[in-house]
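Structure record follows, encoded as structure tokens.
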Amino acid sequence: MLVEFERVDEEMEVVGTLLARKLDTLNETSASRTITSADYGKTIFLNYAGAVAITLPANGAPAGSWFEFVIDGTDDCAPVFSAATVNTLITHNNKTTCDSVTFGTGHRIGSYIRFISTGSYWVASSLSGLATMTVTTG
Amino acid sequence: MALLETLNVTEELMVGGPATFKRTTLIRDATASRTCTAADYGKTICFNYAGAVAVTLPANGAPAGSYIDMIVDGANTTILTVSAASVNTLITFNDATASSLAYSTTLHRIGGMLRFISNGTYWVGIPISGGLTAVVV
């Protein structure tokens with residue numbers, strides 16, 4: 001079956017292989033962004049030359065909802081990814097006191113981070129093998 | 001729910017609920033060199049040649065979101081180097097003007113994983129497997 005667009009409102013299961021040629025991307029060039037459900041499933045490039053305030057959606061997003069970021073700007077691009085509610089972001093070695101995560105200087109260019117909802121809270125996972133993610137606690 | 005054997009979506013697929021994909025599309029490459037093309041987008045390429053492997057990315061300017069994953073599943077003798085088609089244009093860890101990524105350090109090769117994503121202008125090279133499989137920029 002050959003179609004140009006396909007929308008599945010509920011669930012799709014592919015038993016064989018899936019070949020997705022492209023990720024669904026956005027280019028964020030501003031200093032702040034509040035993530036919404038419209039961003040779920042997307043890869044967001046960040047390249048603003050300065051501090052970038054990213055606010056996650058409220059907790060309680062459907063389990064498995066996800067979005068991710070790639071920093072393709074310079075080392076001046078300094079995003080801070082904050083939970084909408086303090087002390088609720090689950091991340092490396094912290095499940096009760098994390099407010100936000102970031103990448104310090106020297107660890108920004110090319111860094112890659114994914115957020116996945118457990119259904120209750122957001123989990124922040126750095127997919128950057130070389131970059132160190134910094135955790136801010138409340 | 002519709003049951004299909006194959007579905008070819010030429011533009012966009014949006015799944016509002018969970019999407020379960022049992023398998024990725026994987027290629028095993030046992031040769032010493034590969035020049036990636038648009039045919040490789042969305043695929044996972046496993047390299048296992050016992051020696052130096054020279055991989056060249058597609059030219060810059062691939063559609064934003066195009067991506068290729070690469071895994072070293074050979075031996076410690078599989079020395080993977082992935083180079084941009086144009087020098088000094090690869091964006092990667094702490095370097096916006098790199099030329100290549102390589103698993104050149106012995107005992108840091110098997111299991112190494114790289115993802116390359118195009119931002120529409122350049123390729124961003126992301127060493128997903130860190131720590132135990134150091135990659136050299």
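Residue numbers start at 1 in each chain; chains themselves are named A, B, ... in the order of the structure tokens; ligands are numbered from 1 in the order shown.
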
Residues of chain B that have any atom at most 9 Å from an atom of chain A: could you tabulate them with the shortest-distance atom pair and the distance in Å to one decimal, using only C-alpha atoms, ordered by chain and increasing number, as JSON lines?
{"residue": "B:Met1", "atom": "CA", "partner": "A:Met12", "partner_atom": "CA", "distance": 8.6}
{"residue": "B:Leu4", "atom": "CA", "partner": "A:Met1", "partner_atom": "CA", "distance": 8.1}
{"residue": "B:Glu5", "atom": "CA", "partner": "A:Met1", "partner_atom": "CA", "distance": 8.5}
{"residue": "B:Thr6", "atom": "CA", "partner": "A:Met1", "partner_atom": "CA", "distance": 6.3}
{"residue": "B:Leu7", "atom": "CA", "partner": "A:Met1", "partner_atom": "CA", "distance": 5.1}
{"residue": "B:Asn8", "atom": "CA", "partner": "A:Leu2", "partner_atom": "CA", "distance": 4.8}
{"residue": "B:Val9", "atom": "CA", "partner": "A:Val3", "partner_atom": "CA", "distance": 5.0}
{"residue": "B:Thr10", "atom": "CA", "partner": "A:Glu4", "partner_atom": "CA", "distance": 4.9}
{"residue": "B:Glu11", "atom": "CA", "partner": "A:Glu4", "partner_atom": "CA", "distance": 5.1}
{"residue": "B:Glu12", "atom": "CA", "partner": "A:Phe5", "partner_atom": "CA", "distance": 5.1}
{"residue": "B:Leu13", "atom": "CA", "partner": "A:Glu6", "partner_atom": "CA", "distance": 5.0}
{"residue": "B:Met14", "atom": "CA", "partner": "A:Arg7", "partner_atom": "CA", "distance": 4.9}
{"residue": "B:Val15", "atom": "CA", "partner": "A:Val8", "partner_atom": "CA", "distance": 4.6}
{"residue": "B:Gly16", "atom": "CA", "partner": "A:Asp9", "partner_atom": "CA", "distance": 4.5}
{"residue": "B:Gly17", "atom": "CA", "partner": "A:Glu10", "partner_atom": "CA", "distance": 4.3}
{"residue": "B:Pro18", "atom": "CA", "partner": "A:Glu11", "partner_atom": "CA", "distance": 5.1}
{"residue": "B:Ala19", "atom": "CA", "partner": "A:Met12", "partner_atom": "CA", "distance": 4.9}
{"residue": "B:Thr20", "atom": "CA", "partner": "A:Glu13", "partner_atom": "CA", "distance": 4.6}
{"residue": "B:Phe21", "atom": "CA", "partner": "A:Val14", "partner_atom": "CA", "distance": 4.9}
{"residue": "B:Lys22", "atom": "CA", "partner": "A:Val15", "partner_atom": "CA", "distance": 5.4}
{"residue": "B:Arg23", "atom": "CA", "partner": "A:Thr17", "partner_atom": "CA", "distance": 4.8}
{"residue": "B:Thr24", "atom": "CA", "partner": "A:Thr17", "partner_atom": "CA", "distance": 5.3}
{"residue": "B:Thr25", "atom": "CA", "partner": "A:Thr17", "partner_atom": "CA", "distance": 5.5}
{"residue": "B:Leu26", "atom": "CA", "partner": "A:Thr17", "partner_atom": "CA", "distance": 8.7}
{"residue": "B:Ala38", "atom": "CA", "partner": "A:Arg21", "partner_atom": "CA", "distance": 8.5}
{"residue": "B:Ala39", "atom": "CA", "partner": "A:Arg21", "partner_atom": "CA", "distance": 8.6}
{"residue": "B:Asp40", "atom": "CA", "partner": "A:Arg21", "partner_atom": "CA", "distance": 8.1}
{"residue": "B:Tyr41", "atom": "CA", "partner": "A:Arg21", "partner_atom": "CA", "distance": 4.9}
{"residue": "B:Gly42", "atom": "CA", "partner": "A:Arg21", "partner_atom": "CA", "distance": 4.2}
{"residue": "B:Lys43", "atom": "CA", "partner": "A:Leu19", "partner_atom": "CA", "distance": 6.8}
{"residue": "B:Pro63", "atom": "CA", "partner": "A:Lys22", "partner_atom": "CA", "distance": 7.9}
{"residue": "B:Ala64", "atom": "CA", "partner": "A:Thr25", "partner_atom": "CA", "distance": 6.7}
{"residue": "B:Gly65", "atom": "CA", "partner": "A:Leu23", "partner_atom": "CA", "distance": 4.4}
{"residue": "B:Ser66", "atom": "CA", "partner": "A:Lys22", "partner_atom": "CA", "distance": 4.2}
{"residue": "B:Tyr67", "atom": "CA", "partner": "A:Lys22", "partner_atom": "CA", "distance": 6.2}
{"residue": "B:Ile68", "atom": "CA", "partner": "A:Arg21", "partner_atom": "CA", "distance": 8.6}
{"residue": "B:Ile91", "atom": "CA", "partner": "A:Gly110", "partner_atom": "CA", "distance": 6.1}
{"residue": "B:Thr92", "atom": "CA", "partner": "A:Gly110", "partner_atom": "CA", "distance": 4.4}
{"residue": "B:Phe93", "atom": "CA", "partner": "A:Gly110", "partner_atom": "CA", "distance": 4.7}
{"residue": "B:Asn94", "atom": "CA", "partner": "A:Ile109", "partner_atom": "CA", "distance": 4.6}
{"residue": "B:Asp95", "atom": "CA", "partner": "A:Ile109", "partner_atom": "CA", "distance": 6.2}
{"residue": "B:Ala96", "atom": "CA", "partner": "A:Ile109", "partner_atom": "CA", "distance": 6.7}
{"residue": "B:Ile117", "atom": "CA", "partner": "A:Leu23", "partner_atom": "CA", "distance": 8.4}
{"residue": "B:Asn119", "atom": "CA", "partner": "A:Phe45", "partner_atom": "CA", "distance": 7.3}
{"residue": "B:Val124", "atom": "CA", "partner": "A:Gly110", "partner_atom": "CA", "distance": 6.3}
{"residue": "B:Gly125", "atom": "CA", "partner": "A:Gly110", "partner_atom": "CA", "distance": 6.8}
{"residue": "B:Ile126", "atom": "CA", "partner": "A:Gly110", "partner_atom": "CA", "distance": 6.2}
{"residue": "B:Pro127", "atom": "CA", "partner": "A:Gly129", "partner_atom": "CA", "distance": 5.1}
{"residue": "B:Ile128", "atom": "CA", "partner": "A:Gly129", "partner_atom": "CA", "distance": 4.7}
{"residue": "B:Ser129", "atom": "CA", "partner": "A:Gly129", "partner_atom": "CA", "distance": 4.9}
{"residue": "B:Gly130", "atom": "CA", "partner": "A:Gly129", "partner_atom": "CA", "distance": 3.3}
{"residue": "B:Gly131", "atom": "CA", "partner": "A:Gly129", "partner_atom": "CA", "distance": 6.4}
{"residue": "B:Thr133", "atom": "CA", "partner": "A:Gly129", "partner_atom": "CA", "distance": 8.4}
{"residue": "B:Ala134", "atom": "CA", "partner": "A:Leu130", "partner_atom": "CA", "distance": 7.6}
{"residue": "B:Val135", "atom": "CA", "partner": "A:Leu130", "partner_atom": "CA", "distance": 8.1}

field: Backbone DSSP call of strand (DSSP E) for chain A, listed as JSON, numbers by chain
entry: {"A": [2, 3, 4, 5, 6, 7, 8, 12, 13, 14, 15, 16, 17, 18, 24, 25, 26, 27, 28, 32, 33, 34, 42, 43, 44, 45, 46, 51, 52, 53, 54, 55, 66, 67, 68, 69, 70, 71, 78, 79, 80, 81, 82, 98, 99, 100, 101, 102, 103, 112, 113, 114, 115, 116, 117, 122, 123, 124, 125, 126, 133, 134, 135, 136, 137]}

Filtering to C-alpha atoms, could you give me those residues as a CSV table (one decimal), in the first residue's frame?
chain,number,residue,atom,x,y,z
A,2,LEU,CA,1.4,3.4,-1.0
A,3,VAL,CA,0.1,6.5,0.8
A,4,GLU,CA,1.4,10.0,1.1
A,5,PHE,CA,0.2,10.7,4.6
A,6,GLU,CA,-1.0,8.3,7.3
A,7,ARG,CA,-2.4,9.1,10.7
A,8,VAL,CA,-3.0,6.5,13.3
A,12,MET,CA,0.3,0.9,15.5
A,13,GLU,CA,2.4,-2.3,15.7
A,14,VAL,CA,4.9,-3.2,13.1
A,15,VAL,CA,5.9,-6.9,13.4
A,16,GLY,CA,8.5,-6.7,10.7
A,17,THR,CA,11.1,-4.0,10.2
A,18,LEU,CA,10.3,-0.3,10.3
A,24,ASP,CA,10.5,14.6,12.9
A,25,THR,CA,12.5,17.7,13.7
A,26,LEU,CA,12.1,21.3,14.8
A,27,ASN,CA,14.7,24.1,14.8
A,28,GLU,CA,14.5,26.2,18.0
A,32,SER,CA,13.1,29.7,25.6
A,33,ARG,CA,10.5,27.1,24.8
A,34,THR,CA,7.7,25.5,26.8
A,42,LYS,CA,10.0,15.2,17.9
A,43,THR,CA,13.7,15.9,17.8
A,44,ILE,CA,14.4,19.6,18.5
A,45,PHE,CA,17.7,21.3,17.5
A,46,LEU,CA,18.9,24.0,19.8
A,51,ALA,CA,21.0,30.6,27.9
A,52,VAL,CA,18.0,28.6,26.7
A,53,ALA,CA,15.1,27.9,29.2
A,54,ILE,CA,13.3,24.7,28.3
A,55,THR,CA,10.2,23.9,30.4
A,66,TRP,CA,8.8,11.4,24.5
A,67,PHE,CA,10.8,14.2,22.8
A,68,GLU,CA,14.5,14.8,22.5
A,69,PHE,CA,17.0,17.6,21.9
A,70,VAL,CA,20.3,18.0,20.0
A,71,ILE,CA,22.5,21.0,20.6
A,78,ALA,CA,23.4,26.7,27.2
A,79,PRO,CA,20.0,25.0,27.6
A,80,VAL,CA,18.5,24.3,31.0
A,81,PHE,CA,15.7,21.6,30.9
A,82,SER,CA,13.3,22.2,33.8
A,98,CYS,CA,15.9,17.0,40.7
A,99,ASP,CA,14.5,20.3,39.3
A,100,SER,CA,16.5,20.5,36.0
A,101,VAL,CA,19.4,19.2,34.0
A,102,THR,CA,21.9,21.0,31.8
A,103,PHE,CA,25.2,20.7,30.0
A,112,TYR,CA,21.8,14.6,22.8
A,113,ILE,CA,19.1,14.2,25.5
A,114,ARG,CA,15.8,12.4,25.6
A,115,PHE,CA,12.8,12.8,27.9
A,116,ILE,CA,10.3,10.0,28.4
A,117,SER,CA,7.2,10.1,30.5
A,122,TRP,CA,9.5,12.8,33.2
A,123,VAL,CA,12.7,10.9,32.9
A,124,ALA,CA,15.7,12.7,31.5
A,125,SER,CA,18.3,10.5,29.8
A,126,SER,CA,21.5,11.8,28.3
A,133,MET,CA,24.9,16.1,32.1
A,134,THR,CA,24.7,18.3,35.1
A,135,VAL,CA,21.8,17.8,37.6
A,136,THR,CA,20.3,20.7,39.6
A,137,THR,CA,18.5,19.7,42.7

query: Which residues come within 10 Å of Thr78 (chain B), counting only C-alpha atoms, excluding same-chain residues fewer than 4 positions away, as an MDAnalysis selection string?
result: chainID B and resid 30 32 47:53 72:74 103:104 106 109:110
